[in-house]
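Chemist: Right, I'll just put the structure down here and ask away after.
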Amino acid sequence: MDFCVNIKNIIIIEAQSSVVNVEGFQEKSFIKADLPKLAVLKPMQRRRLSPFAKLAMHCALDVIKDETQALVSVFSSRHGDLHKTSTMLHDLALGEDISPTAFSLSVHNAIAGLFTIFTQNRQASTTVSAGQDTFMMALVEAYIRLKTGQHEQVLLVHCDQALPSPYAHYADELQIDHGVALILTKDDFTGQRLSIKRVNSGSLTGSPADDNVMELPQAISFCRWLNEPSKPKTLMMPGHQWKIDRLCDE
Amino acid sequence: MSDLKAKIKTLIIETLDLEDVSVEDIQDDEALFVDGLGLDSIDALELGLAIKKTFNIKIDANSEETKKHFNSINSLSEFIEQNQ
């Protein structure tokens, strides 16, 4: 797999404060007071947004704020709103009734649904999940949208949170609450042009979970690198399966 | 305001995350759904569940009577008093 994309605009929000989780690992998550306030939404729209929804919605609304037309969108999350799902599973296991509100917003494309309602966007939307490769597969999906569709631009929104405690044991990458949103464009002259290649790394043996050193989630590595022009021209993604190069004035 | 009515109002605010609404903002005879407080069908289910849990009352989700009980704070408190 080998393709090029243009990133026009990018927003990232990530938790900064570390806590030690139930498994004894450092994780970074937002406390309620530090979550985005989403003042642009009406109180009745805002009230049902979980922390997960707030992170994703904040980035999505911020990145499109200067756009004049509704964009086709790709949403992605490795785990979805797992804190919500996990609470519902807990209630079910205890034989309790589950919250209708939580249930109604628990599908994987719930954020896409809310976002398109809030912004009155009737364009097509896809929601992706693909394990550790989720963010890169969302980029692939966005590229496909641009390449095959009638659209000049695609909105990509990705969000994941540190795993809830019942799942903390299964962590295979650093656990950091984060949301990102980017606009990809067909126009070669706008923003940063990147070449993306899927590579077969010979050095990869066993699963990344075997390593003692956990790596960053893909979306965070990608955004930190992209936002820092002084960083090297090439980014090798965690897992070393993806090679991304900045293409400058070529 | 009766204790029960105040309790129902607090329950509504907390259960439905009405962050900008206080107990004083909800009128006893005001419609809870659509026009008045602006609650919707998901809220009705959520509120029904909360009332069931808090007051240990069985609610028939499909009956026309239930609709009437959920009209306002007044009708809800009457319904709860009769069924406790």
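In the structure tokens, chains take the letters A, B, ... in the order shown, each chain's residues start at 1, and ligands count up from 1 in the order shown.
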Show me, as JSON lines, the residues of chain A having an atom within 12 Å of chain B, each with the closest atom pair and its distance in Å, using only C-alpha atoms.
Modeler:
```
{"residue": "A:Lys37", "atom": "CA", "partner": "B:Glu19", "partner_atom": "CA", "distance": 11.9}
{"residue": "A:Lys42", "atom": "CA", "partner": "B:Asp20", "partner_atom": "CA", "distance": 10.4}
{"residue": "A:Pro43", "atom": "CA", "partner": "B:Asp20", "partner_atom": "CA", "distance": 7.0}
{"residue": "A:Met44", "atom": "CA", "partner": "B:Leu18", "partner_atom": "CA", "distance": 7.5}
{"residue": "A:Gln45", "atom": "CA", "partner": "B:Leu18", "partner_atom": "CA", "distance": 10.3}
{"residue": "A:Arg46", "atom": "CA", "partner": "B:Glu19", "partner_atom": "CA", "distance": 9.0}
{"residue": "A:Arg47", "atom": "CA", "partner": "B:Asp17", "partner_atom": "CA", "distance": 5.6}
{"residue": "A:Arg48", "atom": "CA", "partner": "B:Asp17", "partner_atom": "CA", "distance": 7.1}
{"residue": "A:Leu49", "atom": "CA", "partner": "B:Asp17", "partner_atom": "CA", "distance": 9.7}
{"residue": "A:Ser50", "atom": "CA", "partner": "B:Asp17", "partner_atom": "CA", "distance": 10.8}
{"residue": "A:Glu96", "atom": "CA", "partner": "B:Lys53", "partner_atom": "CA", "distance": 9.9}
{"residue": "A:Asp97", "atom": "CA", "partner": "B:Leu49", "partner_atom": "CA", "distance": 7.7}
{"residue": "A:Ile98", "atom": "CA", "partner": "B:Leu49", "partner_atom": "CA", "distance": 8.8}
{"residue": "A:Ser99", "atom": "CA", "partner": "B:Glu46", "partner_atom": "CA", "distance": 6.3}
{"residue": "A:Pro100", "atom": "CA", "partner": "B:Glu46", "partner_atom": "CA", "distance": 5.6}
{"residue": "A:Thr101", "atom": "CA", "partner": "B:Ile42", "partner_atom": "CA", "distance": 6.1}
{"residue": "A:Ala102", "atom": "CA", "partner": "B:Glu46", "partner_atom": "CA", "distance": 9.3}
{"residue": "A:Phe103", "atom": "CA", "partner": "B:Ile42", "partner_atom": "CA", "distance": 9.8}
{"residue": "A:Ser104", "atom": "CA", "partner": "B:Ile42", "partner_atom": "CA", "distance": 7.9}
{"residue": "A:Leu105", "atom": "CA", "partner": "B:Ile42", "partner_atom": "CA", "distance": 10.5}
```
Chemist: Hey, can you spit out that residue selection with N, CA and C atoms as a short mmCIF file (atom, residue, chain, number, x, y, z; two decimals), in the first residue's frame?
Modeler:
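result_30.cif, freshly written:
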```
data_model
loop_
_atom_site.label_atom_id
_atom_site.label_comp_id
_atom_site.auth_asym_id
_atom_site.auth_seq_id
_atom_site.Cartn_x
_atom_site.Cartn_y
_atom_site.Cartn_z
N LYS A 37 -15.33 22.22 26.93
CA LYS A 37 -16.63 22.73 27.42
C LYS A 37 -17.69 22.73 26.32
N LYS A 42 -25.73 23.85 22.13
CA LYS A 42 -26.79 24.20 23.07
C LYS A 42 -26.71 23.25 24.27
N PRO A 43 -27.13 23.73 25.45
CA PRO A 43 -27.09 22.85 26.63
C PRO A 43 -27.81 21.52 26.40
N MET A 44 -28.95 21.55 25.70
CA MET A 44 -29.69 20.31 25.47
C MET A 44 -28.95 19.35 24.53
N GLN A 45 -28.06 19.89 23.70
CA GLN A 45 -27.25 19.02 22.83
C GLN A 45 -26.06 18.46 23.61
N ARG A 46 -25.57 19.30 24.51
CA ARG A 46 -24.33 18.98 25.23
C ARG A 46 -24.52 17.95 26.33
N ARG A 47 -25.71 17.94 26.90
CA ARG A 47 -25.87 17.22 28.16
C ARG A 47 -25.65 15.72 28.07
N ARG A 48 -25.91 15.13 26.90
CA ARG A 48 -25.75 13.67 26.81
C ARG A 48 -24.36 13.25 26.35
N LEU A 49 -23.47 14.19 26.15
CA LEU A 49 -22.15 13.84 25.64
C LEU A 49 -21.27 13.27 26.75
N SER A 50 -20.78 12.08 26.53
CA SER A 50 -19.85 11.45 27.47
C SER A 50 -18.48 12.12 27.31
N GLU A 96 -29.29 -5.61 36.34
CA GLU A 96 -29.96 -4.31 36.44
C GLU A 96 -30.40 -3.82 35.05
N ASP A 97 -31.37 -2.92 35.05
CA ASP A 97 -31.75 -2.30 33.78
C ASP A 97 -30.63 -1.37 33.33
N ILE A 98 -30.40 -1.32 32.03
CA ILE A 98 -29.34 -0.41 31.55
C ILE A 98 -29.97 0.92 31.14
N SER A 99 -29.15 1.95 31.20
CA SER A 99 -29.62 3.30 30.89
C SER A 99 -30.01 3.43 29.42
N PRO A 100 -31.26 3.82 29.14
CA PRO A 100 -31.68 4.00 27.74
C PRO A 100 -30.83 5.04 27.01
N THR A 101 -30.44 6.10 27.73
CA THR A 101 -29.62 7.14 27.10
C THR A 101 -28.27 6.57 26.69
N ALA A 102 -27.64 5.84 27.61
CA ALA A 102 -26.34 5.24 27.31
C ALA A 102 -26.47 4.28 26.14
N PHE A 103 -27.54 3.45 26.17
CA PHE A 103 -27.75 2.46 25.12
C PHE A 103 -27.92 3.13 23.76
N SER A 104 -28.70 4.23 23.74
CA SER A 104 -28.99 4.88 22.46
C SER A 104 -27.75 5.50 21.83
N LEU A 105 -26.74 5.78 22.66
CA LEU A 105 -25.52 6.39 22.12
C LEU A 105 -24.32 5.45 22.21
#
```
Chemist: What are the DSSP alpha helix (DSSP H) residues of region 5-81 of chain B, as a PyMOL selection string?
Modeler: chain B and resi 5-15+41-55+64-69+73-81
Chemist: Export, as an mmCIF file, in the first residue's frame, the selected residues with C-alpha atoms.
Modeler:
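Dumped to result_27.cif:
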```cif
data_model
loop_
_atom_site.group_PDB
_atom_site.id
_atom_site.type_symbol
_atom_site.label_atom_id
_atom_site.label_comp_id
_atom_site.auth_asym_id
_atom_site.auth_seq_id
_atom_site.Cartn_x
_atom_site.Cartn_y
_atom_site.Cartn_z
ATOM 1 C CA LYS B 5 -42.164 17.396 44.049
ATOM 2 C CA ALA B 6 -38.761 18.786 44.971
ATOM 3 C CA LYS B 7 -37.397 15.249 45.007
ATOM 4 C CA ILE B 8 -38.805 14.519 41.544
ATOM 5 C CA LYS B 9 -37.298 17.737 40.177
ATOM 6 C CA THR B 10 -33.882 16.915 41.574
ATOM 7 C CA LEU B 11 -34.198 13.409 40.155
ATOM 8 C CA ILE B 12 -35.027 14.816 36.705
ATOM 9 C CA ILE B 13 -32.085 17.239 36.769
ATOM 10 C CA GLU B 14 -29.570 14.647 37.941
ATOM 11 C CA THR B 15 -30.802 11.728 35.844
ATOM 12 C CA SER B 41 -38.569 10.157 24.219
ATOM 13 C CA ILE B 42 -35.160 8.891 25.396
ATOM 14 C CA ASP B 43 -35.562 11.114 28.466
ATOM 15 C CA ALA B 44 -38.966 9.546 29.089
ATOM 16 C CA LEU B 45 -37.392 6.081 29.189
ATOM 17 C CA GLU B 46 -34.496 7.265 31.354
ATOM 18 C CA LEU B 47 -36.831 9.065 33.760
ATOM 19 C CA GLY B 48 -39.151 6.057 33.894
ATOM 20 C CA LEU B 49 -36.212 3.873 34.892
ATOM 21 C CA ALA B 50 -35.067 6.359 37.551
ATOM 22 C CA ILE B 51 -38.576 6.590 39.046
ATOM 23 C CA LYS B 52 -38.874 2.821 39.029
ATOM 24 C CA LYS B 53 -35.579 2.502 40.906
ATOM 25 C CA THR B 54 -36.032 5.433 43.312
ATOM 26 C CA PHE B 55 -39.677 4.882 44.298
ATOM 27 C CA GLU B 64 -51.846 5.693 27.476
ATOM 28 C CA GLU B 65 -52.238 6.287 31.212
ATOM 29 C CA THR B 66 -48.457 6.377 31.627
ATOM 30 C CA LYS B 67 -48.244 9.154 29.065
ATOM 31 C CA LYS B 68 -50.628 11.241 31.185
ATOM 32 C CA HIS B 69 -48.647 10.566 34.362
ATOM 33 C CA ILE B 73 -44.462 17.450 37.925
ATOM 34 C CA ASN B 74 -48.000 17.607 39.348
ATOM 35 C CA SER B 75 -49.188 14.515 37.506
ATOM 36 C CA LEU B 76 -45.981 12.602 38.247
ATOM 37 C CA SER B 77 -46.152 13.283 41.980
ATOM 38 C CA GLU B 78 -49.833 12.235 42.050
ATOM 39 C CA PHE B 79 -48.966 9.022 40.235
ATOM 40 C CA ILE B 80 -46.097 8.252 42.620
ATOM 41 C CA GLU B 81 -48.207 8.966 45.732
#
```
Chemist: Could you tell me how far CA of Gln82 (chain B) sits from CA of Phe70 (chain B), in Å to one decimal place?
Modeler: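 Distance reported for this atom pair: 14.0 Å.
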Chemist: In Å, rounded to a single decimal, give me how far CA of Ile12 (chain A) is from CA of Tyr170 (chain A).
Modeler: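 Going from CA of Tyr170 (chain A) over to CA of Ile12 (chain A), I get 25.2 Å.
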Chemist: Do you have the CA of Ala93 (chain A)-CA of Ile31 (chain A) distance handy?
Modeler: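 CA of Ile31 (chain A) lies 27.0 Å from CA of Ala93 (chain A).
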Chemist: Using only C-alpha atoms, which of A:Asn200, A:Pro164, A:Val74, A:Pro229 sits nearest Val22 (chain A)?
Modeler: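 Between A:Asn200, A:Pro164, A:Val74, A:Pro229, the residue approaching Val22 (chain A) most closely is A:Pro164.
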Chemist: Please give the complete set of residues from region 8-45 of chain A that DSSP, run on the backbone, assigns to strand (DSSP E or B), formatted as a tab-separated table (two decimals) with C-alpha atoms, in the first residue's frame.
Modeler:
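Heads up, here's the output in part30.tsv:
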```
chain	number	residue	atom	x	y	z
A	8	LYS	CA	-5.05	20.92	5.28
A	9	ASN	CA	-5.82	21.37	8.96
A	10	ILE	CA	-5.29	19.38	12.15
A	11	ILE	CA	-6.54	19.58	15.75
A	12	ILE	CA	-5.36	17.37	18.59
A	13	ILE	CA	-6.29	17.22	22.23
A	14	GLU	CA	-4.55	14.81	24.60
A	18	SER	CA	-0.51	10.92	34.63
A	19	VAL	CA	-2.10	8.58	37.11
A	20	VAL	CA	-1.22	4.99	38.01
A	26	GLN	CA	0.96	5.10	34.08
A	27	GLU	CA	-2.02	6.32	32.11
A	28	LYS	CA	-3.18	9.78	31.13
```
Chemist: Report as a VMD selection string all protein, DNA and RNA residues lying within 12 Å of Thr119 (chain A), evaluated on only C-alpha atoms, omitting residues in the same chain fewer than 2 positions from it.
Modeler: chain A and resid 40 to 42 45 57 60 to 62 64 to 65 67 to 71 112 to 117 121 to 123
Chemist: Between A:Leu35, A:Ile176, A:Ala138, A:Ala162, which has the minimum distance to His83 (chain A) (counting only C-alpha atoms)?
Modeler: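 Counting only C-alpha atoms, the residue closest to His83 (chain A) is A:Ala162.
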